[in-house]
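Trainee: mmCIF, C-alpha atoms, saved as structure12.cif, coming up:
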```cif
data_my_file
#
loop_
_atom_site.label_atom_id
_atom_site.label_comp_id
_atom_site.auth_asym_id
_atom_site.auth_seq_id
_atom_site.Cartn_x
_atom_site.Cartn_y
_atom_site.Cartn_z
CA MET A 1 -55.99 36.06 77.65
CA SER A 2 -59.05 37.34 75.93
CA PRO A 3 -61.58 38.65 78.42
CA ASP A 4 -64.29 37.30 76.13
CA LEU A 5 -63.18 33.77 76.90
CA HIS A 6 -63.51 34.36 80.64
CA LEU A 7 -67.13 35.28 80.13
CA LEU A 8 -67.81 31.84 78.68
CA ALA A 9 -67.04 30.00 81.92
CA ALA A 10 -70.65 30.06 83.10
CA SER A 11 -72.03 28.82 79.80
CA TYR A 12 -69.36 26.11 79.75
CA ALA A 13 -70.25 25.02 83.28
CA ILE A 14 -73.81 24.23 82.20
CA ASP A 15 -72.88 22.73 78.80
CA ALA A 16 -74.20 25.73 76.89
CA LEU A 17 -71.21 25.97 74.55
CA ASP A 18 -70.67 23.97 71.42
CA GLY A 19 -68.48 23.74 68.33
CA ASP A 20 -65.33 25.81 67.96
CA GLU A 21 -66.20 27.95 70.93
CA LEU A 22 -66.24 24.89 73.17
CA ASP A 23 -62.84 23.82 71.87
CA ARG A 24 -61.37 27.28 72.31
CA PHE A 25 -62.70 27.59 75.83
CA GLU A 26 -61.36 24.20 76.84
CA ALA A 27 -57.95 25.15 75.50
CA HIS A 28 -58.15 28.35 77.51
CA LEU A 29 -59.25 26.46 80.61
CA GLY A 30 -55.96 24.61 80.65
CA GLN A 31 -54.15 27.90 81.14
CA CYS A 32 -56.50 29.92 83.29
CA ASP A 33 -56.75 29.23 87.02
CA GLN A 34 -59.42 31.84 87.42
CA CYS A 35 -61.71 30.12 84.93
CA ARG A 36 -61.03 26.69 86.42
CA VAL A 37 -62.21 27.92 89.81
CA GLU A 38 -65.23 29.62 88.30
CA VAL A 39 -66.20 26.52 86.33
CA ALA A 40 -65.87 24.30 89.41
CA GLU A 41 -67.98 26.64 91.50
CA LEU A 42 -70.65 27.07 88.88
CA ARG A 43 -70.79 23.34 88.29
CA ALA A 44 -71.35 22.82 91.98
CA THR A 45 -74.09 25.43 91.72
CA ALA A 46 -75.65 23.67 88.74
CA SER A 47 -75.57 20.40 90.67
CA LEU A 48 -78.01 22.00 93.08
CA LEU A 49 -80.26 22.87 90.14
CA ALA A 50 -80.11 19.16 89.38
CA ALA A 51 -81.47 18.55 92.86
CA THR A 52 -84.74 20.09 91.80
CA SER A 53 -85.34 17.09 89.57
CA PRO A 54 -85.51 14.09 91.92
CA VAL A 55 -87.67 11.96 89.69
CA ALA A 56 -87.00 8.36 90.63
CA PRO A 57 -86.86 5.95 87.72
CA ARG A 58 -88.85 2.73 87.70
CA PRO A 59 -87.46 0.29 90.28
CA GLU A 60 -86.74 -2.18 87.48
CA LEU A 61 -84.07 0.19 86.21
CA ARG A 62 -81.97 -0.51 89.27
CA ASP A 63 -81.90 -4.23 88.49
CA GLN A 64 -80.94 -3.48 84.90
CA VAL A 65 -78.16 -1.21 86.07
CA MET A 66 -76.84 -3.73 88.56
CA ALA A 67 -76.85 -6.43 85.88
CA ALA A 68 -75.04 -4.15 83.44
CA VAL A 69 -72.52 -3.13 86.09
CA ALA A 70 -71.76 -6.77 86.81
CA ARG A 71 -70.79 -7.20 83.14
CA THR A 72 -68.71 -4.02 83.00
CA ARG A 73 -65.03 -3.87 83.83
CA GLN A 74 -63.85 -0.81 85.63
CA ASP A 75 -61.18 1.35 84.09
CA SER A 76 -57.86 1.34 85.83
CA PRO A 77 -57.10 4.61 87.53
CA GLY A 78 -53.74 5.24 85.92
CA PRO A 79 -52.97 6.37 82.38
CA GLU A 80 -50.22 3.81 81.99
CA ILE A 81 -52.48 1.01 80.86
CA ASP A 82 -53.29 2.16 77.37
CA GLY A 83 -51.08 5.20 77.15
CA GLN A 84 -53.93 7.24 75.73
CA ASP A 85 -56.24 7.49 78.60
CA SER A 86 -55.69 10.03 81.31
CA PRO A 87 -56.82 9.83 84.91
CA GLU A 88 -58.66 13.09 84.93
CA GLN A 89 -62.35 13.21 85.47
CA VAL A 90 -63.83 12.51 82.08
CA ALA A 91 -67.33 13.02 80.90
CA PRO A 92 -68.62 9.72 79.59
CA GLY A 93 -69.08 9.45 75.89
CA ARG A 94 -67.30 12.62 75.09
CA ASN A 95 -63.66 12.27 75.92
CA ARG A 96 -63.50 15.71 77.35
CA PRO A 97 -62.21 16.33 80.81
CA ILE A 98 -64.89 17.56 83.14
CA SER A 99 -62.28 18.15 85.73
CA SER A 100 -61.60 21.70 86.70
CA ALA A 101 -57.91 20.83 86.52
CA PRO A 102 -57.27 19.20 83.18
CA PHE A 103 -53.64 18.45 83.87
CA GLN A 104 -52.89 16.20 86.77
CA THR A 105 -49.58 15.80 88.41
CA PRO A 106 -48.19 12.42 89.45
CA ARG A 107 -49.12 13.25 93.04
CA ARG A 108 -52.69 13.59 91.90
CA ARG A 109 -52.61 10.15 90.34
CA THR A 110 -51.91 8.73 93.75
CA ALA A 111 -54.84 10.68 95.10
CA ALA A 112 -57.01 9.22 92.35
CA LEU A 113 -55.87 5.73 93.27
CA VAL A 114 -56.60 6.31 96.91
CA SER A 115 -60.08 7.50 96.05
CA VAL A 116 -61.09 4.34 94.20
CA ALA A 117 -62.88 2.81 97.13
CA ALA A 118 -64.64 6.06 97.91
CA ALA A 119 -65.70 6.50 94.31
CA VAL A 120 -67.12 3.00 94.07
CA ALA A 121 -69.09 3.64 97.22
CA ILE A 122 -70.39 6.84 95.66
CA VAL A 123 -71.55 5.12 92.51
CA VAL A 124 -73.19 2.27 94.36
CA GLY A 125 -74.76 4.89 96.59
CA ALA A 126 -76.02 6.81 93.57
CA ILE A 127 -77.57 3.65 92.19
CA GLY A 128 -79.02 2.73 95.55
CA ALA A 129 -80.54 6.16 95.85
CA THR A 130 -82.80 5.44 92.90
CA GLN A 131 -84.57 2.63 94.61
CA LEU A 132 -87.84 3.28 96.32
CA GLY A 133 -88.22 1.78 99.74
CA GLY A 134 -85.69 -1.01 99.44
CA ASP A 135 -83.35 -2.13 102.16
CA GLY A 136 -80.75 0.20 103.53
CA PRO A 137 -81.28 3.49 105.33
CA PRO A 138 -83.76 5.95 103.83
CA GLY A 139 -82.55 9.15 102.24
CA VAL A 140 -83.26 12.57 103.65
CA ALA A 141 -86.08 13.06 101.16
CA GLU A 142 -87.76 9.87 102.38
CA VAL A 143 -87.62 10.97 105.99
CA ALA A 144 -88.97 14.37 104.98
CA ALA A 145 -91.78 12.69 103.04
CA ALA A 146 -93.16 10.87 106.11
CA ALA A 147 -96.68 11.95 106.97
CA ASP A 148 -95.64 13.12 110.44
CA ALA A 149 -92.26 14.55 109.39
CA ARG A 150 -91.17 17.66 111.25
CA GLN A 151 -88.38 20.04 110.39
CA LEU A 152 -86.33 22.34 112.56
CA PRO A 153 -83.60 24.68 111.35
CA LEU A 154 -80.89 24.89 113.97
CA ASP A 155 -79.19 28.09 115.02
CA GLY A 156 -75.45 28.26 114.59
CA ALA A 157 -72.76 30.77 113.84
CA VAL A 158 -71.81 29.46 110.40
CA GLY A 159 -73.71 27.71 107.62
CA THR A 160 -77.17 26.21 107.77
CA LEU A 161 -78.26 22.98 109.40
CA LYS A 162 -81.73 21.50 109.51
CA VAL A 163 -83.04 18.45 111.33
CA VAL A 164 -85.94 16.44 109.95
CA TRP A 165 -87.53 13.60 111.86
CA SER A 166 -90.44 11.22 111.79
CA THR A 167 -91.62 9.63 115.02
CA ALA A 168 -93.77 7.18 113.09
CA ASP A 169 -90.83 5.95 111.04
CA GLY A 170 -88.34 6.36 113.88
CA GLN A 171 -85.94 8.19 111.59
CA VAL A 172 -84.01 11.43 111.85
CA ALA A 173 -82.17 13.22 109.08
CA VAL A 174 -79.79 16.14 108.96
CA VAL A 175 -79.12 18.29 105.96
CA GLY A 176 -76.65 21.12 106.07
CA HIS A 177 -74.54 23.45 103.99
CA GLY A 178 -71.58 25.66 104.62
CA LEU A 179 -70.43 23.69 107.65
CA PRO A 180 -66.83 24.27 108.71
CA ASP A 181 -64.50 21.30 108.67
CA PRO A 182 -64.70 19.87 112.21
CA GLY A 183 -60.98 19.10 112.12
CA ARG A 184 -58.86 16.03 111.71
CA GLY A 185 -60.26 13.00 113.50
CA ARG A 186 -63.34 14.96 114.55
CA ALA A 187 -66.94 14.88 113.41
CA TYR A 188 -70.25 16.52 114.16
CA GLN A 189 -72.59 14.65 116.49
CA LEU A 190 -76.33 15.20 116.73
CA TRP A 191 -77.98 15.08 120.16
CA LEU A 192 -81.62 14.69 121.01
CA LEU A 193 -82.42 17.06 123.85
CA GLY A 194 -85.34 16.89 126.22
CA GLY A 195 -84.76 13.97 128.56
CA ASP A 196 -82.49 13.83 131.57
CA ALA A 197 -79.43 13.69 129.38
CA PRO A 198 -78.77 14.33 125.70
CA LEU A 199 -79.22 11.19 123.61
CA PRO A 200 -76.71 10.54 120.80
CA ALA A 201 -78.54 10.63 117.46
CA GLY A 202 -75.74 10.11 114.98
CA VAL A 203 -72.35 11.26 113.81
CA PHE A 204 -71.89 13.04 110.50
CA HIS A 205 -69.11 14.64 108.55
CA PRO A 206 -69.53 17.36 105.93
CA ASP A 207 -68.09 16.76 102.46
CA GLY A 208 -65.35 18.92 100.95
CA SER A 209 -67.81 21.70 100.16
CA GLY A 210 -69.24 21.75 103.69
CA SER A 211 -72.48 19.96 102.77
CA VAL A 212 -73.93 17.08 104.71
CA GLU A 213 -76.83 14.69 104.35
CA PHE A 214 -77.26 12.17 107.11
CA THR A 215 -80.02 9.84 108.24
CA GLY A 216 -80.20 7.69 111.35
CA ARG A 217 -82.48 6.18 113.97
CA LEU A 218 -84.55 8.56 116.06
CA PRO A 219 -83.51 7.80 119.66
CA GLY A 220 -86.54 9.34 121.41
CA ASN A 221 -89.04 12.13 121.41
CA PRO A 222 -87.19 15.43 120.96
CA ALA A 223 -87.86 18.68 122.77
CA GLY A 224 -84.83 20.09 121.03
CA TRP A 225 -81.75 19.25 119.02
CA GLY A 226 -78.12 20.09 119.53
CA VAL A 227 -74.92 19.47 117.61
CA THR A 228 -71.41 19.30 119.05
CA ILE A 229 -68.00 18.48 117.62
CA GLU A 230 -66.76 15.12 118.90
CA PRO A 231 -64.13 12.50 118.09
CA ALA A 232 -64.97 10.90 114.74
CA SER A 233 -66.30 7.75 116.42
CA GLY A 234 -68.80 9.76 118.45
CA SER A 235 -69.25 10.21 122.19
CA ASP A 236 -71.74 8.89 124.72
CA GLN A 237 -72.25 12.37 126.11
CA PRO A 238 -71.34 15.76 124.63
CA THR A 239 -67.74 16.67 125.39
CA SER A 240 -67.74 20.14 123.84
CA ASP A 241 -69.97 23.17 123.51
CA ILE A 242 -73.06 23.03 121.37
CA VAL A 243 -72.40 24.63 117.97
CA TYR A 244 -75.91 24.28 116.52
CA GLN A 245 -79.14 24.02 118.42
CA GLY A 246 -82.89 24.51 118.27
CA SER A 247 -86.00 23.89 120.36
CA VAL A 248 -89.05 22.11 119.07
CA MET B 1 -80.72 13.03 90.70
CA VAL B 2 -79.29 11.38 87.59
CA HIS B 3 -82.64 10.32 86.22
CA GLY B 4 -84.31 13.58 87.16
CA VAL B 5 -81.77 15.69 85.31
CA VAL B 6 -81.78 13.46 82.26
CA LEU B 7 -85.57 13.42 82.11
CA ARG B 8 -85.69 17.20 82.36
CA VAL B 9 -83.37 17.58 79.42
CA VAL B 10 -84.42 14.79 77.06
CA ARG B 11 -88.11 14.74 78.04
CA ALA B 12 -88.94 11.33 76.61
CA PRO B 13 -89.23 8.89 79.56
CA SER B 14 -88.05 5.80 77.70
CA GLN B 15 -85.02 7.60 76.34
CA ALA B 16 -84.30 9.08 79.75
CA GLU B 17 -84.20 5.62 81.31
CA GLU B 18 -81.87 4.35 78.65
CA ILE B 19 -79.50 7.27 79.16
CA THR B 20 -79.76 6.98 82.93
CA GLN B 21 -78.67 3.37 82.74
CA GLU B 22 -75.77 4.30 80.47
CA ILE B 23 -74.67 6.96 82.91
CA TYR B 24 -74.71 4.64 85.91
CA VAL B 25 -72.68 2.05 84.06
CA GLU B 26 -70.29 4.75 82.89
CA LEU B 27 -69.97 6.08 86.44
CA TRP B 28 -69.17 2.57 87.57
CA ARG B 29 -66.58 2.18 84.84
CA VAL B 30 -64.76 5.46 85.42
CA ALA B 31 -65.35 5.75 89.17
CA CYS B 32 -61.64 5.51 89.85
CA ARG B 33 -61.14 8.83 88.09
CA PHE B 34 -63.22 10.65 90.60
CA ASP B 35 -60.97 12.92 92.61
CA PRO B 36 -62.58 14.37 95.72
CA ALA B 37 -59.93 17.09 95.76
CA GLN B 38 -61.52 18.56 92.66
CA GLY B 39 -65.11 18.79 93.81
CA SER B 40 -67.98 16.93 95.36
CA ALA B 41 -69.28 13.62 94.10
CA ARG B 42 -72.60 15.28 93.53
CA ALA B 43 -71.11 17.89 91.22
CA TRP B 44 -69.20 15.17 89.37
CA ILE B 45 -72.26 12.98 88.88
CA SER B 46 -74.61 15.79 87.95
CA THR B 47 -72.10 17.26 85.50
CA MET B 48 -71.76 13.88 83.81
CA SER B 49 -75.49 13.36 83.74
CA HIS B 50 -76.28 16.76 82.34
CA ARG B 51 -73.59 16.57 79.73
CA ARG B 52 -74.63 13.13 78.57
CA ALA B 53 -78.25 14.22 78.29
CA VAL B 54 -77.30 17.39 76.43
CA ASP B 55 -75.08 15.46 74.04
CA ARG B 56 -77.97 13.15 73.25
CA VAL B 57 -80.41 15.96 72.69
CA ARG B 58 -78.01 17.84 70.46
CA SER B 59 -77.33 14.83 68.31
CA GLU B 60 -81.00 14.22 67.73
CA GLN B 61 -82.43 15.02 64.35
CA SER B 62 -85.69 15.83 66.04
CA ARG B 63 -84.37 18.97 67.55
CA ARG B 64 -85.94 21.19 64.94
CA ASN B 65 -89.33 19.91 66.03
CA ARG B 66 -88.43 20.58 69.61
CA GLU B 67 -87.50 24.14 68.80
CA ASP B 68 -90.72 24.71 66.93
CA ARG B 69 -92.65 23.79 70.02
CA ASP B 70 -90.49 25.84 72.30
CA ALA B 71 -91.93 29.24 71.64
CA ASN B 72 -95.13 28.13 73.34
CA ARG B 73 -93.42 26.31 76.10
CA ILE B 74 -91.24 28.98 77.59
CA ALA B 75 -93.92 30.23 79.93
CA ARG B 76 -94.87 26.74 81.03
CA GLU B 77 -91.32 25.61 81.66
CA HIS B 78 -91.04 28.48 84.01
CA ASP B 79 -93.87 27.07 86.10
CA SER B 80 -92.62 23.53 85.93
CA VAL B 81 -89.53 24.44 87.91
CA SER B 82 -91.62 25.56 90.83
CA GLU B 83 -93.85 22.49 90.55
CA ALA B 84 -90.98 20.05 90.51
CA VAL B 85 -89.63 21.63 93.61
CA VAL B 86 -91.78 20.14 96.29
CA ASP B 87 -90.38 18.06 99.03
CA SER B 88 -86.63 18.13 99.39
CA LEU B 89 -84.75 20.51 101.57
CA ASP B 90 -82.17 21.23 98.94
CA ARG B 91 -84.93 22.06 96.61
CA GLU B 92 -86.28 24.62 99.04
CA ARG B 93 -82.96 26.39 99.05
CA VAL B 94 -82.71 26.30 95.28
CA VAL B 95 -86.20 27.66 94.85
CA VAL B 96 -85.50 30.51 97.21
CA ALA B 97 -82.28 31.27 95.38
CA LEU B 98 -83.94 31.03 91.96
CA ALA B 99 -86.62 33.43 93.13
CA ARG B 100 -83.95 36.01 93.85
CA LEU B 101 -82.82 36.08 90.23
CA THR B 102 -84.33 38.54 87.83
CA ASP B 103 -87.00 37.02 85.59
CA VAL B 104 -84.77 37.24 82.55
CA GLN B 105 -81.81 35.61 84.33
CA ARG B 106 -83.98 32.75 85.54
CA GLN B 107 -85.49 32.23 82.12
CA ALA B 108 -82.07 32.10 80.45
CA ILE B 109 -80.71 29.59 82.98
CA GLU B 110 -83.76 27.37 82.78
CA LEU B 111 -83.64 27.27 79.00
CA ALA B 112 -79.93 26.52 79.00
CA TYR B 113 -79.66 24.08 81.92
CA TYR B 114 -82.98 22.31 81.96
CA GLY B 115 -83.51 22.74 78.23
CA GLY B 116 -80.00 21.62 77.31
CA ARG B 117 -79.51 24.54 74.95
CA THR B 118 -76.46 26.56 74.04
CA TYR B 119 -76.46 30.22 74.97
CA ARG B 120 -76.74 31.02 71.26
CA GLU B 121 -79.91 28.96 71.05
CA VAL B 122 -81.22 30.71 74.13
CA ALA B 123 -80.59 34.04 72.41
CA THR B 124 -82.47 32.92 69.30
CA LEU B 125 -85.38 31.58 71.31
CA LEU B 126 -85.74 34.74 73.31
CA GLY B 127 -84.98 37.07 70.42
CA ILE B 128 -82.10 38.72 72.24
CA ALA B 129 -78.45 39.34 71.36
CA GLU B 130 -76.06 36.44 71.96
CA GLY B 131 -73.96 38.58 74.27
CA THR B 132 -77.06 39.36 76.30
CA ALA B 133 -77.93 35.67 76.69
CA LYS B 134 -74.36 34.90 77.72
CA THR B 135 -74.42 37.68 80.30
CA ARG B 136 -77.79 36.66 81.74
CA ILE B 137 -76.60 33.08 82.19
CA ARG B 138 -73.39 34.24 83.80
CA ASP B 139 -74.89 36.85 86.10
CA GLY B 140 -77.68 34.47 87.09
CA LEU B 141 -75.39 31.55 87.87
CA ILE B 142 -73.01 33.74 89.85
CA ARG B 143 -75.94 35.09 91.81
CA LEU B 144 -77.13 31.53 92.49
CA ARG B 145 -73.64 30.53 93.53
CA ASP B 146 -73.52 33.37 96.04
CA GLU B 147 -77.06 32.76 97.31
CA LEU B 148 -76.37 29.05 97.75
CA GLY B 149 -72.96 29.61 99.31
CA VAL B 150 -70.98 27.30 97.05
CA ALA B 151 -68.00 29.57 96.43
CA GLN B 152 -64.70 27.89 97.21
#
```
Hey, can you dump this file as structure tokens for me?
Mentor:
Amino acid sequence: MSPDLHLLAASYAIDALDGDELDRFEAHLGQCDQCRVEVAELRATASLLAATSPVAPRPELRDQVMAAVARTRQDSPGPEIDGQDSPEQVAPGRNRPISSAPFQTPRRRTAALVSVAAAVAIVVGAIGATQLGGDGPPGVAEVAAAADARQLPLDGAVGTLKVVWSTADGQVAVVGHGLPDPGRGRAYQLWLLGGDAPLPAGVFHPDGSGSVEFTGRLPGNPAGWGVTIEPASGSDQPTSDIVYQGSV
Amino acid sequence: MVHGVVLRVVRAPSQAEEITQEIYVELWRVACRFDPAQGSARAWISTMSHRRAVDRVRSEQSRRNREDRDANRIAREHDSVSEAVVDSLDRERVVVALARLTDVQRQAIELAYYGGRTYREVATLLGIAEGTAKTRIRDGLIRLRDELGVAQ
């Protein structure tokens, strides 16, 4: 294929193409694995640029959204319903796939079906994240915004992991990137160090890209933090070596 | 994140709220199409949000006015990125990574991503060749990807 088209992947990933060029690149994308990977990676990169804009809307917006959602029927996951629609990830209002893999196999459809519950949770979570100080656990940014919030990057062999906590609010948060998959049926567990024995401070699991954001109750006054890999339900005491740690 | 991105791109708060609401409802409607195997929920949601905001901006007749004002705003937009980046941990990482770009790469990415412009428009605004704008966006994003460790 034309090398020129490959060079458009970055502009495509941040919606900086239009017109015929957009159409030509999308046609090319269907045939070029290399560009699909590049687009997916650069979109994930751009999503971090989006993180620099955490402006919360007015709280009233959440109520409006919830009311609108209650009136809105969800699409069915399969393409069989109207014959036209396809199950790929579609950008709203534009009928263009935003998926990095425009052509899904039947096996994928099953995967899409299986992910319905997860996706609904994500959307509700995204809506919930816009509220300021409502019920439900605070986000990492809220913990970090506490007047007495403290942060500690932990040392580990791979990736980055940082603990944020507020004694006043009694909350602890973990944010990390580049974490290895802990393995099937396993999860990371945070431990508060400093007392006679490590205190369990929460279990978290990185997403597919190795990123994690977790908040939980602060179980005490930390002199240090440690992270081990435990069964997914968590342990009462660490059962494996510490993989990330730091002293306050 | 949704509202923040939309507001950055469309700039008008009332319009940003309207689009934000549309996006949430749309996310709700098409949630079943989300496939975790193809990327994170965050990337999915931010891609949708950015695209919807960009579509709106591009369909606006007022864009000519926007562009007229842009020549004066380039320098200020540059600062606004650093200002917006205050209290989240992710933001710290992004700021550090952005700081490692060359000035011209950063400027091109900010105009394209936060400004919702095509690379051709970026070229016109900066008075550079289209190929140069395309290259700056690409080199800058790839650098960011590597700095932020999001390669697959």
Trainee: With the PyMOL selection byres ((chain B) within 6 of (chain A)) as the selection, what would be picked from this file? Answer as a ChimeraX atom specification, please.
Mentor: /B:1,4-5,21,25,29-35,43,46,48,85,88,91,113,117-119,138,145,151
Trainee: Could you give me the centre and size, in Å to one decimal, of an axis-aligned box around all listed atoms of region 105-119 of chain B with 3 Å added on every side, as lines of an AutoDock Vina configuration file?
Mentor:
```
center_x = -81.0
center_y = 28.6
center_z = 79.8
size_x = 15.0
size_y = 20.0
size_z = 17.5
```
Trainee: Which residues come within 9 Å of Thr239 (chain A), counting all atoms listed in the file, excluding same-chain residues fewer than 3 positions away, as a ChimeraX atom specification?
Mentor: /A:228-230,235-236
Trainee: Please write as a PyMOL selection string the full residue list that the PyMOL selection byres ((chain A and resi 201) around 10) yields on this file.
Mentor: chain A and resi 171-173+189-193+198-200+202-204+215-220+225-227+234
Trainee: In Å, rounded to a single decimal, give me how far CA of Gln31 (chain A) is from CA of Ala112 (chain B).
Mentor: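 One can read the CA of Ala112 (chain B) to CA of Gln31 (chain A) distance as 25.9 Å.
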Trainee: Apply the PyMOL selection byres ((chain A and resi 26) around 10) to the structure shown and report the selected residues as number ranges by chain.
Mentor: A: 5, 9, 12, 20-25, 27-32, 36, 96-98, 102
Trainee: Distance CA of Ala197 (chain A)-CA of Val163 (chain A), one decimal place?
Mentor: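 Distance reported for this atom pair: 19.0 Å.
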Trainee: Find the distance between CA of Asp103 (chain B) and CA of Ile142 (chain B) and write it in Å to one decimal.
Mentor: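 CA of Ile142 (chain B) lies 15.0 Å from CA of Asp103 (chain B).
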Trainee: Looking at all atoms listed in the file, which of B:Ser40, B:Val57, B:Leu7, B:Arg120 is the one that sits closest to Pro206 (chain A)?
Mentor: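 Closest residue, counting all atoms listed in the file: B:Ser40.
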Trainee: With distances taken over all atoms listed in the file, which residue among B:Arg93, B:Arg56, B:Arg106, B:Arg8 lies nearest Leu141 (chain B)?
Mentor: B:Arg106
